[in-house]
file final-v9.csv (CSV, C-alpha atoms)
chain,number,residue,atom,x,y,z
C,83,MET,CA,0.0,0.0,0.0
C,84,LYS,CA,2.9,2.4,0.8
C,85,PHE,CA,4.3,1.8,-2.7
C,86,LEU,CA,0.9,2.3,-4.3
C,87,ASN,CA,0.5,5.6,-2.3
C,88,HIS,CA,3.8,6.8,-3.7
C,89,ILE,CA,2.8,5.9,-7.3
C,90,ILE,CA,-0.5,7.7,-7.0
C,91,ARG,CA,1.1,10.8,-5.5
C,92,VAL,CA,3.8,11.0,-8.2
C,93,LEU,CA,1.2,10.5,-11.0
C,94,ILE,CA,-0.9,13.4,-9.6
C,95,GLY,CA,2.2,15.6,-9.5
C,96,LEU,CA,3.2,14.7,-13.0
C,97,VAL,CA,-0.3,15.5,-14.3
C,98,PHE,CA,0.1,19.1,-12.9
C,99,ILE,CA,3.6,19.4,-14.4
C,100,PHE,CA,2.5,18.1,-17.8
C,101,SER,CA,-0.6,20.3,-17.7
C,102,GLY,CA,1.6,23.4,-17.2
C,103,LEU,CA,4.3,22.5,-19.7
C,104,SER,CA,1.9,21.5,-22.4
C,105,LYS,CA,0.3,25.0,-22.5
C,106,LEU,CA,3.7,26.7,-23.3
C,107,PHE,CA,3.8,25.8,-27.0
C,108,PRO,CA,1.7,27.3,-28.3
C,109,ILE,CA,0.8,29.5,-25.4
C,110,GLU,CA,-1.4,31.9,-27.3
C,111,PRO,CA,-4.7,29.9,-26.9
C,112,PHE,CA,-4.2,30.0,-23.2
C,113,GLU,CA,-3.4,33.7,-23.2
C,114,ILE,CA,-6.6,34.4,-25.1
C,115,VAL,CA,-8.7,32.7,-22.4
C,116,PHE,CA,-8.0,35.7,-20.1
C,117,VAL,CA,-8.7,38.3,-22.8
C,118,ASP,CA,-12.0,36.4,-23.6
C,119,LEU,CA,-13.0,36.4,-19.9
C,120,GLY,CA,-12.3,40.1,-19.7
C,121,VAL,CA,-9.8,39.7,-16.8
C,122,ALA,CA,-6.8,41.0,-18.8
C,123,ASP,CA,-5.9,42.9,-22.0
C,124,TRP,CA,-3.4,41.7,-24.7
C,125,ILE,CA,-0.5,43.2,-22.7
C,126,TRP,CA,-1.2,41.5,-19.3
C,127,ALA,CA,-2.6,38.2,-20.6
C,128,PRO,CA,0.8,36.7,-21.4
C,129,PHE,CA,2.1,37.4,-17.9
C,130,ILE,CA,-1.0,35.9,-16.2
C,131,ALA,CA,-0.8,32.8,-18.5
C,132,ARG,CA,2.8,32.2,-17.6
C,133,PHE,CA,2.2,32.8,-13.9
C,134,ILE,CA,-0.5,30.2,-13.8
C,135,ILE,CA,1.7,27.7,-15.8
C,136,ALA,CA,4.5,28.2,-13.3
C,137,PHE,CA,2.0,27.8,-10.4
C,138,GLU,CA,0.9,24.5,-11.9
C,139,ILE,CA,4.5,23.3,-12.3
C,140,THR,CA,5.3,24.3,-8.7
C,141,LEU,CA,2.4,22.4,-7.3
C,142,GLY,CA,3.3,19.4,-9.4
C,143,LEU,CA,6.9,19.4,-8.2
C,144,CYS,CA,5.9,19.7,-4.5
C,145,ILE,CA,3.4,16.8,-4.8
C,146,VAL,CA,6.0,14.6,-6.6
C,147,PHE,CA,8.6,15.2,-3.9
C,148,ASN,CA,6.1,15.0,-1.0
C,149,ILE,CA,6.5,18.6,0.1
C,150,TRP,CA,3.1,19.7,1.6
C,151,LEU,CA,4.1,22.6,3.9
C,152,LYS,CA,1.8,21.4,6.7
C,153,SER,CA,-1.1,20.8,4.2
C,154,ILE,CA,-0.8,24.2,2.6
C,155,ILE,CA,0.1,22.7,-0.8
C,156,TYR,CA,-2.7,20.2,-0.4
C,157,LYS,CA,-5.3,22.9,0.3
C,158,VAL,CA,-4.0,25.1,-2.6
C,159,THR,CA,-4.1,22.2,-5.0
C,160,GLN,CA,-7.6,21.2,-4.1
C,161,GLY,CA,-8.7,24.8,-4.2
C,162,SER,CA,-7.1,25.3,-7.7
C,163,LEU,CA,-8.9,22.2,-8.9
C,164,ILE,CA,-12.2,23.5,-7.7
C,165,VAL,CA,-11.6,26.9,-9.4
C,166,PHE,CA,-10.6,25.2,-12.7
C,167,THR,CA,-13.7,23.0,-12.5
C,168,ALA,CA,-15.9,26.0,-11.9
C,169,TYR,CA,-14.4,27.6,-15.0
C,170,LEU,CA,-15.1,24.4,-17.0
C,171,ILE,CA,-18.7,24.4,-15.9
C,172,PHE,CA,-18.9,28.0,-17.1
C,173,ILE,CA,-17.5,27.0,-20.5
C,174,LEU,CA,-19.9,24.0,-20.6
C,175,ILE,CA,-22.9,26.3,-20.0
C,176,THR,CA,-21.9,29.2,-22.3
C,177,LYS,CA,-20.2,27.3,-25.2
C,178,GLY,CA,-21.3,23.7,-24.9
C,179,ASN,CA,-19.2,20.5,-24.7
C,180,ASP,CA,-17.7,20.8,-28.2
C,181,GLU,CA,-15.0,23.2,-27.0
C,182,ASP,CA,-11.5,22.1,-26.3
C,183,CYS,CA,-10.9,23.0,-22.6
C,184,GLY,CA,-7.2,23.6,-23.3
C,185,CYS,CA,-6.1,21.9,-20.1
C,186,PHE,CA,-3.3,20.1,-21.8
C,187,GLY,CA,-2.6,22.7,-24.6
C,188,SER,CA,-2.6,21.3,-28.0
C,189,PHE,CA,-1.1,17.9,-26.9
C,190,ILE,CA,-4.3,16.3,-25.6
C,191,VAL,CA,-7.8,17.5,-26.6
C,192,LEU,CA,-10.4,17.3,-23.8
C,193,THR,CA,-14.0,18.5,-23.7
C,194,PRO,CA,-15.2,20.4,-20.7
C,195,ILE,CA,-17.0,17.3,-19.4
C,196,GLU,CA,-13.9,15.1,-19.8
C,197,SER,CA,-11.8,17.6,-18.0
C,198,ILE,CA,-14.3,18.0,-15.2
C,199,ILE,CA,-14.1,14.2,-14.7
C,200,LYS,CA,-10.3,14.4,-14.7
C,201,ASN,CA,-10.4,17.1,-12.0
C,202,VAL,CA,-12.9,15.1,-9.9
C,203,ILE,CA,-10.6,12.0,-10.1
C,204,LEU,CA,-7.6,14.1,-9.1
C,205,MET,CA,-9.5,15.6,-6.1
C,206,LEU,CA,-10.6,12.2,-4.9
C,207,LEU,CA,-7.1,10.7,-5.3
C,208,LEU,CA,-5.7,13.7,-3.3
C,209,LEU,CA,-8.1,12.8,-0.5
C,210,VAL,CA,-6.7,9.3,-0.1
C,211,VAL,CA,-3.0,10.1,-0.6
C,212,LYS,CA,-1.0,10.0,2.6
C,213,ARG,CA,1.0,13.2,3.1
C,214,ARG,CA,4.3,13.1,4.9
C,215,HIS,CA,5.0,16.2,7.2
C,216,TYR,CA,8.6,16.7,7.7
C,217,THR,CA,9.9,17.7,11.2
C,218,LEU,CA,13.0,19.3,9.6
C,219,GLY,CA,12.0,22.6,8.2
C,220,VAL,CA,14.9,22.6,5.8
C,221,VAL,CA,13.0,20.1,3.6
C,222,ASN,CA,10.1,22.4,3.2
C,223,TRP,CA,12.4,25.1,2.0
C,224,MET,CA,12.8,23.0,-1.2
C,225,ILE,CA,9.7,24.9,-2.4
C,226,ILE,CA,12.0,27.9,-3.1
C,227,PRO,CA,14.1,26.2,-5.8
C,228,PHE,CA,10.9,24.7,-7.1
C,229,LEU,CA,9.4,28.1,-7.5
C,230,ALA,CA,12.6,29.5,-9.0
C,231,MET,CA,12.8,26.6,-11.5
C,232,ALA,CA,9.1,26.8,-12.5
C,233,PHE,CA,9.0,30.6,-13.0
C,234,THR,CA,12.4,30.8,-14.7
C,235,SER,CA,11.7,27.9,-17.1
C,236,THR,CA,8.3,29.3,-18.0
C,237,PHE,CA,9.4,32.8,-18.7
C,238,LEU,CA,12.6,31.8,-20.5
C,239,LEU,CA,11.3,28.9,-22.6
C,240,ASN,CA,8.6,31.2,-24.0
C,241,ARG,CA,9.5,34.8,-23.4
C,242,VAL,CA,7.0,37.6,-23.1
C,243,GLY,CA,6.8,40.4,-25.7
C,244,LEU,CA,4.6,43.4,-25.1
C,245,GLN,CA,1.7,43.3,-27.6
C,246,ASN,CA,1.5,47.0,-28.2
C,247,ALA,CA,3.3,47.8,-31.5
C,248,ALA,CA,1.1,50.4,-33.2
C,249,GLY,CA,0.6,50.3,-36.9
C,250,ILE,CA,2.6,52.6,-39.3
C,251,GLU,CA,0.5,55.4,-40.8
C,252,LEU,CA,0.7,55.5,-44.6
C,253,ASN,CA,-1.1,56.9,-47.5
C,254,GLU,CA,0.0,55.1,-50.6
C,255,ALA,CA,-1.9,53.7,-53.6
C,256,ILE,CA,-1.3,50.0,-53.9
C,257,ASP,CA,-2.1,47.6,-56.8
C,258,TYR,CA,-3.3,44.1,-55.7
C,259,THR,CA,-4.8,43.2,-59.1
C,260,GLU,CA,-2.1,40.6,-59.6
C,261,LEU,CA,-2.8,38.7,-56.4
C,262,PRO,CA,-4.1,35.2,-57.0
C,263,ALA,CA,-7.8,34.2,-56.6
C,264,LEU,CA,-9.1,32.8,-53.3
C,265,TYR,CA,-7.9,29.3,-52.7
C,266,ASN,CA,-11.2,27.5,-52.2
C,267,THR,CA,-13.6,29.4,-54.4
C,268,GLY,CA,-11.4,30.7,-57.2
C,269,GLU,CA,-13.0,34.1,-56.8
C,270,LYS,CA,-10.9,37.2,-57.4
C,271,VAL,CA,-11.1,39.8,-54.7
C,272,ASP,CA,-11.4,43.5,-55.6
C,273,PHE,CA,-9.1,45.1,-53.1
C,274,SER,CA,-9.7,48.6,-54.6
C,275,LYS,CA,-13.1,49.0,-52.9
C,276,GLY,CA,-14.0,49.3,-49.3
C,277,LYS,CA,-12.1,49.0,-46.0
C,278,ILE,CA,-10.1,45.8,-46.0
C,279,ILE,CA,-7.3,44.2,-43.9
C,280,VAL,CA,-4.9,41.7,-45.5
C,281,ALA,CA,-2.9,39.5,-43.2
C,282,TYR,CA,0.3,38.0,-44.6
C,283,LEU,CA,1.1,34.7,-42.8
C,284,SER,CA,3.7,32.1,-43.6
C,285,TYR,CA,3.3,28.4,-42.8
C,286,SER,CA,6.9,28.1,-41.6
C,287,CYS,CA,6.7,31.2,-39.3
C,288,SER,CA,6.0,30.5,-35.6
C,289,HIS,CA,5.1,34.2,-35.0
C,290,CYS,CA,2.5,33.9,-37.9
C,291,GLU,CA,0.9,30.9,-36.1
C,292,SER,CA,0.7,33.0,-33.0
C,293,ALA,CA,-0.9,35.8,-34.9
C,294,ALA,CA,-3.4,33.4,-36.5
C,295,HIS,CA,-4.5,32.3,-33.0
C,296,LYS,CA,-5.4,35.9,-32.2
C,297,LEU,CA,-7.2,36.3,-35.6
C,298,HIS,CA,-9.2,33.1,-34.7
C,299,PHE,CA,-10.2,34.7,-31.4
C,300,LEU,CA,-11.5,37.8,-33.2
C,301,GLU,CA,-13.3,35.5,-35.6
C,302,THR,CA,-15.2,34.0,-32.7
C,303,LYS,CA,-16.3,37.4,-31.5
C,304,TYR,CA,-17.5,39.1,-34.6
C,305,GLU,CA,-19.0,38.4,-38.0
C,306,ILE,CA,-16.0,39.6,-40.1
C,307,ASP,CA,-16.3,40.1,-43.8
C,308,ASN,CA,-13.4,42.4,-44.5
C,309,LEU,CA,-10.3,40.4,-43.6
C,310,TYR,CA,-8.4,38.2,-46.0
C,311,VAL,CA,-5.3,36.0,-45.3
C,312,VAL,CA,-2.5,35.6,-47.8
C,313,LEU,CA,-0.8,32.3,-46.8
C,314,GLY,CA,2.8,31.7,-47.9
C,315,SER,CA,3.8,28.0,-48.2
C,316,LYS,CA,5.9,26.2,-50.8
C,317,HIS,CA,3.9,23.0,-50.5
C,318,GLU,CA,0.1,22.9,-50.9
C,319,LYS,CA,-0.1,20.0,-48.3
C,320,ASN,CA,0.9,22.4,-45.6
C,321,ILE,CA,-2.2,24.6,-46.1
C,322,GLN,CA,-4.6,22.3,-44.2
C,323,VAL,CA,-2.0,21.7,-41.5
C,324,PHE,CA,-1.8,25.4,-40.8
C,325,LEU,CA,-5.6,25.8,-40.9
C,326,ASP,CA,-6.1,22.8,-38.5
C,327,LYS,CA,-3.5,24.2,-36.0
C,328,THR,CA,-4.8,27.7,-36.0
C,329,LYS,CA,-8.5,27.1,-36.7
C,330,ILE,CA,-8.8,30.2,-38.8
C,331,GLU,CA,-11.6,30.2,-41.4
C,332,TYR,CA,-11.0,33.5,-43.2
C,333,PRO,CA,-11.1,33.5,-47.0
C,334,PHE,CA,-7.4,33.1,-48.0
C,335,ILE,CA,-5.1,33.3,-50.9
C,336,TRP,CA,-2.2,30.8,-51.3
C,337,MET,CA,1.1,31.9,-52.6
C,338,ASP,CA,4.0,29.4,-53.1
C,339,GLY,CA,6.7,31.7,-54.6
C,340,ASP,CA,9.1,34.4,-53.5
C,341,GLU,CA,6.6,37.0,-54.7
C,342,PHE,CA,4.8,36.4,-51.4
C,343,PHE,CA,7.6,38.4,-49.7
C,344,LYS,CA,7.3,41.2,-52.3
C,345,TYR,CA,3.7,41.7,-51.2
C,346,SER,CA,4.3,41.2,-47.4
C,347,GLY,CA,7.4,43.5,-47.4
C,348,GLY,CA,9.7,40.8,-45.9
C,349,GLY,CA,8.7,41.1,-42.2
C,350,LEU,CA,6.2,38.6,-40.8
C,351,PRO,CA,3.5,38.5,-39.8
C,352,ALA,CA,2.4,41.5,-41.7
C,353,PHE,CA,-1.0,43.3,-41.9
C,354,VAL,CA,-2.1,46.0,-44.2
C,355,TYR,CA,-5.2,48.2,-44.0
C,356,LEU,CA,-6.6,49.4,-47.3
C,357,GLU,CA,-9.3,52.0,-48.0
C,358,ASP,CA,-10.5,52.0,-51.6
C,359,GLY,CA,-7.1,50.6,-52.7
C,360,VAL,CA,-5.0,53.1,-50.7
C,361,LEU,CA,-2.7,51.6,-48.1
C,362,LYS,CA,-3.5,53.5,-44.9
C,363,LYS,CA,-1.8,51.5,-42.2
C,364,LYS,CA,0.7,48.6,-41.8
C,365,TRP,CA,1.7,46.4,-38.9
C,366,ILE,CA,4.8,44.2,-39.1
C,367,GLY,CA,6.1,41.7,-36.5
C,368,GLU,CA,4.7,39.5,-33.8
C,369,PHE,CA,3.8,42.2,-31.4
C,370,PHE,CA,1.2,44.0,-33.5
C,371,LYS,CA,-1.5,45.9,-31.5
C,372,VAL,CA,-4.5,43.6,-31.8
C,373,GLU,CA,-6.9,46.3,-30.6
C,374,GLU,CA,-6.2,48.4,-33.6
C,375,ILE,CA,-7.0,45.6,-36.0
C,376,GLU,CA,-10.1,44.7,-34.0
C,377,ALA,CA,-11.4,48.2,-34.2
C,378,ILE,CA,-11.2,48.1,-38.0
C,379,ILE,CA,-12.7,44.6,-38.7
C,380,LYS,CA,-15.5,44.5,-36.1
C,381,PRO,CA,-18.9,45.4,-37.6
call {"tool": "encode", "arguments": {"input": "final-v9.csv", "output": "structure tokens"}}
result
Amino acid sequence: MKFLNHIIRVLIGLVFIFSGLSKLFPIEPFEIVFVDLGVADWIWAPFIARFIIAFEITLGLCIVFNIWLKSIIYKVTQGSLIVFTAYLIFILITKGNDEDCGCFGSFIVLTPIESIIKNVILMLLLLVVKRRHYTLGVVNWMIIPFLAMAFTSTFLLNRVGLQNAAGIELNEAIDYTELPALYNTGEKVDFSKGKIIVAYLSYSCSHCESAAHKLHFLETKYEIDNLYVVLGSKHEKNIQVFLDKTKIEYPFIWMDGDEFFKYSGGGLPAFVYLEDGVLKKKWIGEFFKVEEIEAIIKP
């Protein structure tokens, strides 16, 4: 029984560690949760997301190594499971059971109900796990290197950049008549009329994938009809891979040659805002100000 107790405890701890690490790459879907809930903006959400990931890893390390701090870790762990479960119930009520809860990032897809069951099992297992309370206080001080390890690894492995790079104001006529037709429909888009944003994303660019996650979030908030994606990829087979990973459903143009960079300007991701064929604003790089693009595309 003692051996079984150790196995159960270590498995619980590993679940918490894996849950934290799996959210790091990509971290954007987890950051978006806090923007969606209205508890943070695009600047603070990356910090909150990494703090919670580090918190999960710290709890996991303490449980694995039997560090309970006179049941403080036990109570915090049970409390966090209750909070996470309450959030899952909220998702279940507001969005249904088809949503991926994001508990294990993109590694394991769980519905809210599946994740609630997982949390209940963890809470029940924690009830029966025997906790060792050390008489030597020095052992409990191990939480300090655990905290340092968790927070250092979380913020260094996926560093935070401030999402506040404003667009460059321009006023240049631009000719997009040579752009290919839309990939799925074969329809040519007239970029010389109306207010339009064109997003240049590359399959091989990790920052473009990050930007696409943010575009998908905007897509879930509004009915958008004035944003087009130009996707650069040398191989057609990569198109669906990119769409599956990012879940974007905007009309898009596929470009497989170097002319893609002529249109994008070289820096990626790139966004251009057109008014009746005149380039008014451009954003280049991963830290584009999402609020500016949102203000343009929302109905």
call {"tool": "atom_distance", "arguments": {"input": "final-v9.csv", "atom1": "atom CA of C:Glu269", "atom2": "atom CA of C:Phe342"}}
result
18.7 Å
call {"tool": "closest_residue", "arguments": {"input": "final-v9.csv", "among": "C:Trp365, C:Phe353, C:Phe189, C:Phe233", "to": "C:Lys327", "atoms": "all atoms listed in the file"}}
result
C:Phe189
call {"tool": "closest_residue", "arguments": {"input": "final-v9.csv", "among": "C:Trp150, C:Asp123, C:Pro381, C:Asn87", "to": "C:Lys303", "atoms": "all atoms listed in the file"}}
result
C:Pro381
call {"tool": "atom_distance", "arguments": {"input": "final-v9.csv", "atom1": "atom CA of C:Ile109", "atom2": "atom CA of C:Leu143"}}
result
20.9 Å
call {"tool": "residues_near_point", "arguments": {"input": "final-v9.csv", "point": "(-7.4, 24.3, -24.0)", "cutoff": "12 Å", "atoms": "only C-alpha atoms", "output": "PyMOL selection string"}}
result
chain C and resi 101-102+104-115+166+169-170+173+180-194+197
call {"tool": "atom_distance", "arguments": {"input": "final-v9.csv", "atom1": "atom CA of C:Lys380", "atom2": "atom CA of C:Tyr345"}}
result
24.6 Å
call {"tool": "closest_residue", "arguments": {"input": "final-v9.csv", "among": "C:Gly161, C:Leu119, C:Lys200, C:Phe228", "to": "C:Ile145", "atoms": "all atoms listed in the file"}}
result
C:Phe228
call {"tool": "closest_residue", "arguments": {"input": "final-v9.csv", "among": "C:Met337, C:Ile99, C:Ile278, C:Leu309", "to": "C:Lys363", "atoms": "only C-alpha atoms"}}
result
C:Ile278
call {"tool": "closest_residue", "arguments": {"input": "final-v9.csv", "among": "C:Gly95, C:Gly314, C:Pro333, C:Gly120", "to": "C:Val146", "atoms": "all atoms listed in the file"}}
result
C:Gly95
call {"tool": "closest_residue", "arguments": {"input": "final-v9.csv", "among": "C:Asn266, C:Ser274, C:Thr302, C:Asn246", "to": "C:Trp124", "atoms": "only C-alpha atoms"}}
result
C:Asn246
call {"tool": "residues_around", "arguments": {"input": "final-v9.csv", "residues": "C:Arg214", "least_positions_apart": "2", "cutoff": "8 Å", "atoms": "all atoms listed in the file", "output": "PDB file with C-alpha atoms, in the coordinates of the input"}}
result
ATOM      1  CA  ASN C 148       6.100  15.000  -1.000  1.00  0.00           C
ATOM      2  CA  ILE C 149       6.500  18.600   0.100  1.00  0.00           C
ATOM      3  CA  TRP C 150       3.100  19.700   1.600  1.00  0.00           C
ATOM      4  CA  LYS C 212      -1.000  10.000   2.600  1.00  0.00           C
ATOM      5  CA  TYR C 216       8.600  16.700   7.700  1.00  0.00           C
TER       6      TYR C 216
END
call {"tool": "residues_near_point", "arguments": {"input": "final-v9.csv", "point": "(-4.9, 30.2, -42.0)", "cutoff": "8 Å", "atoms": "only C-alpha atoms", "output": "MDAnalysis selection string"}}
result
chainID C and resid 283 294 311 313 321 324:325 328:332 334
call {"tool": "build_atoms", "arguments": {"input": "final-v9.csv", "residues": "stretch 282-311 of chain C", "atoms": "N, CA and C atoms", "output": "mmCIF file, in the frame of the given file"}}
result
data_model
loop_
_atom_site.group_PDB
_atom_site.id
_atom_site.type_symbol
_atom_site.label_atom_id
_atom_site.label_comp_id
_atom_site.auth_asym_id
_atom_site.auth_seq_id
_atom_site.Cartn_x
_atom_site.Cartn_y
_atom_site.Cartn_z
ATOM 1 N N TYR C 282 -0.709 38.792 -43.950
ATOM 2 C CA TYR C 282 0.300 38.000 -44.600
ATOM 3 C C TYR C 282 0.905 37.022 -43.546
ATOM 4 N N LEU C 283 0.641 35.727 -43.719
ATOM 5 C CA LEU C 283 1.100 34.700 -42.800
ATOM 6 C C LEU C 283 1.866 33.628 -43.544
ATOM 7 N N SER C 284 2.921 33.118 -42.935
ATOM 8 C CA SER C 284 3.700 32.100 -43.600
ATOM 9 C C SER C 284 3.572 30.767 -42.751
ATOM 10 N N TYR C 285 3.462 29.656 -43.460
ATOM 11 C CA TYR C 285 3.300 28.400 -42.800
ATOM 12 C C TYR C 285 4.531 28.079 -41.884
ATOM 13 N N SER C 286 5.714 28.478 -42.291
ATOM 14 C CA SER C 286 6.900 28.100 -41.600
ATOM 15 C C SER C 286 7.307 29.162 -40.491
ATOM 16 N N CYS C 287 6.447 30.127 -40.244
ATOM 17 C CA CYS C 287 6.700 31.200 -39.300
ATOM 18 C C CYS C 287 5.940 30.994 -38.001
ATOM 19 N N SER C 288 6.659 30.769 -36.902
ATOM 20 C CA SER C 288 6.000 30.500 -35.600
ATOM 21 C C SER C 288 5.211 31.760 -35.158
ATOM 22 N N HIS C 289 5.743 32.939 -35.441
ATOM 23 C CA HIS C 289 5.100 34.200 -35.000
ATOM 24 C C HIS C 289 3.757 34.351 -35.847
ATOM 25 N N CYS C 290 3.751 33.833 -37.085
ATOM 26 C CA CYS C 290 2.500 33.900 -37.900
ATOM 27 C C CYS C 290 1.456 32.973 -37.302
ATOM 28 N N GLU C 291 1.886 31.828 -36.792
ATOM 29 C CA GLU C 291 0.900 30.900 -36.100
ATOM 30 C C GLU C 291 0.344 31.587 -34.908
ATOM 31 N N SER C 292 1.196 32.286 -34.150
ATOM 32 C CA SER C 292 0.700 33.000 -33.000
ATOM 33 C C SER C 292 -0.295 34.076 -33.374
ATOM 34 N N ALA C 293 0.012 34.817 -34.463
ATOM 35 C CA ALA C 293 -0.900 35.800 -34.900
ATOM 36 C C ALA C 293 -2.231 35.229 -35.392
ATOM 37 N N ALA C 294 -2.163 34.051 -36.021
ATOM 38 C CA ALA C 294 -3.400 33.400 -36.500
ATOM 39 C C ALA C 294 -4.290 32.995 -35.347
ATOM 40 N N HIS C 295 -3.709 32.599 -34.226
ATOM 41 C CA HIS C 295 -4.500 32.300 -33.000
ATOM 42 C C HIS C 295 -5.310 33.512 -32.587
ATOM 43 N N LYS C 296 -4.674 34.658 -32.647
ATOM 44 C CA LYS C 296 -5.400 35.900 -32.200
ATOM 45 C C LYS C 296 -6.452 36.255 -33.259
ATOM 46 N N LEU C 297 -6.170 36.020 -34.533
ATOM 47 C CA LEU C 297 -7.200 36.300 -35.600
ATOM 48 C C LEU C 297 -8.385 35.334 -35.375
ATOM 49 N N HIS C 298 -8.106 34.100 -34.991
ATOM 50 C CA HIS C 298 -9.200 33.100 -34.700
ATOM 51 C C HIS C 298 -10.070 33.629 -33.590
ATOM 52 N N PHE C 299 -9.441 34.164 -32.554
ATOM 53 C CA PHE C 299 -10.200 34.700 -31.400
ATOM 54 C C PHE C 299 -11.149 35.806 -31.883
ATOM 55 N N LEU C 300 -10.655 36.734 -32.721
ATOM 56 C CA LEU C 300 -11.500 37.800 -33.200
ATOM 57 C C LEU C 300 -12.631 37.240 -34.088
ATOM 58 N N GLU C 301 -12.325 36.161 -34.791
ATOM 59 C CA GLU C 301 -13.300 35.500 -35.600
ATOM 60 C C GLU C 301 -14.475 34.932 -34.828
ATOM 61 N N THR C 302 -14.167 34.504 -33.603
ATOM 62 C CA THR C 302 -15.200 34.000 -32.700
ATOM 63 C C THR C 302 -16.069 35.055 -32.109
ATOM 64 N N LYS C 303 -15.559 36.290 -32.085
ATOM 65 C CA LYS C 303 -16.300 37.400 -31.500
ATOM 66 C C LYS C 303 -17.201 38.136 -32.433
ATOM 67 N N TYR C 304 -16.774 38.243 -33.689
ATOM 68 C CA TYR C 304 -17.500 39.100 -34.600
ATOM 69 C C TYR C 304 -17.780 38.317 -35.942
ATOM 70 N N GLU C 305 -18.750 38.828 -36.665
ATOM 71 C CA GLU C 305 -19.000 38.400 -38.000
ATOM 72 C C GLU C 305 -18.143 39.268 -38.960
ATOM 73 N N ILE C 306 -16.996 38.767 -39.378
ATOM 74 C CA ILE C 306 -16.000 39.600 -40.100
ATOM 75 C C ILE C 306 -16.088 39.273 -41.591
ATOM 76 N N ASP C 307 -16.209 40.322 -42.399
ATOM 77 C CA ASP C 307 -16.300 40.100 -43.800
ATOM 78 C C ASP C 307 -15.267 40.976 -44.605
ATOM 79 N N ASN C 308 -14.317 41.562 -43.875
ATOM 80 C CA ASN C 308 -13.400 42.400 -44.500
ATOM 81 C C ASN C 308 -11.905 42.121 -44.192
ATOM 82 N N LEU C 309 -11.644 40.862 -43.846
ATOM 83 C CA LEU C 309 -10.300 40.400 -43.600
ATOM 84 C C LEU C 309 -9.949 39.227 -44.456
ATOM 85 N N TYR C 310 -8.820 39.302 -45.143
ATOM 86 C CA TYR C 310 -8.400 38.200 -46.000
ATOM 87 C C TYR C 310 -6.945 37.824 -45.589
ATOM 88 N N VAL C 311 -6.672 36.544 -45.683
ATOM 89 C CA VAL C 311 -5.300 36.000 -45.300
ATOM 90 C C VAL C 311 -4.626 35.628 -46.623
#
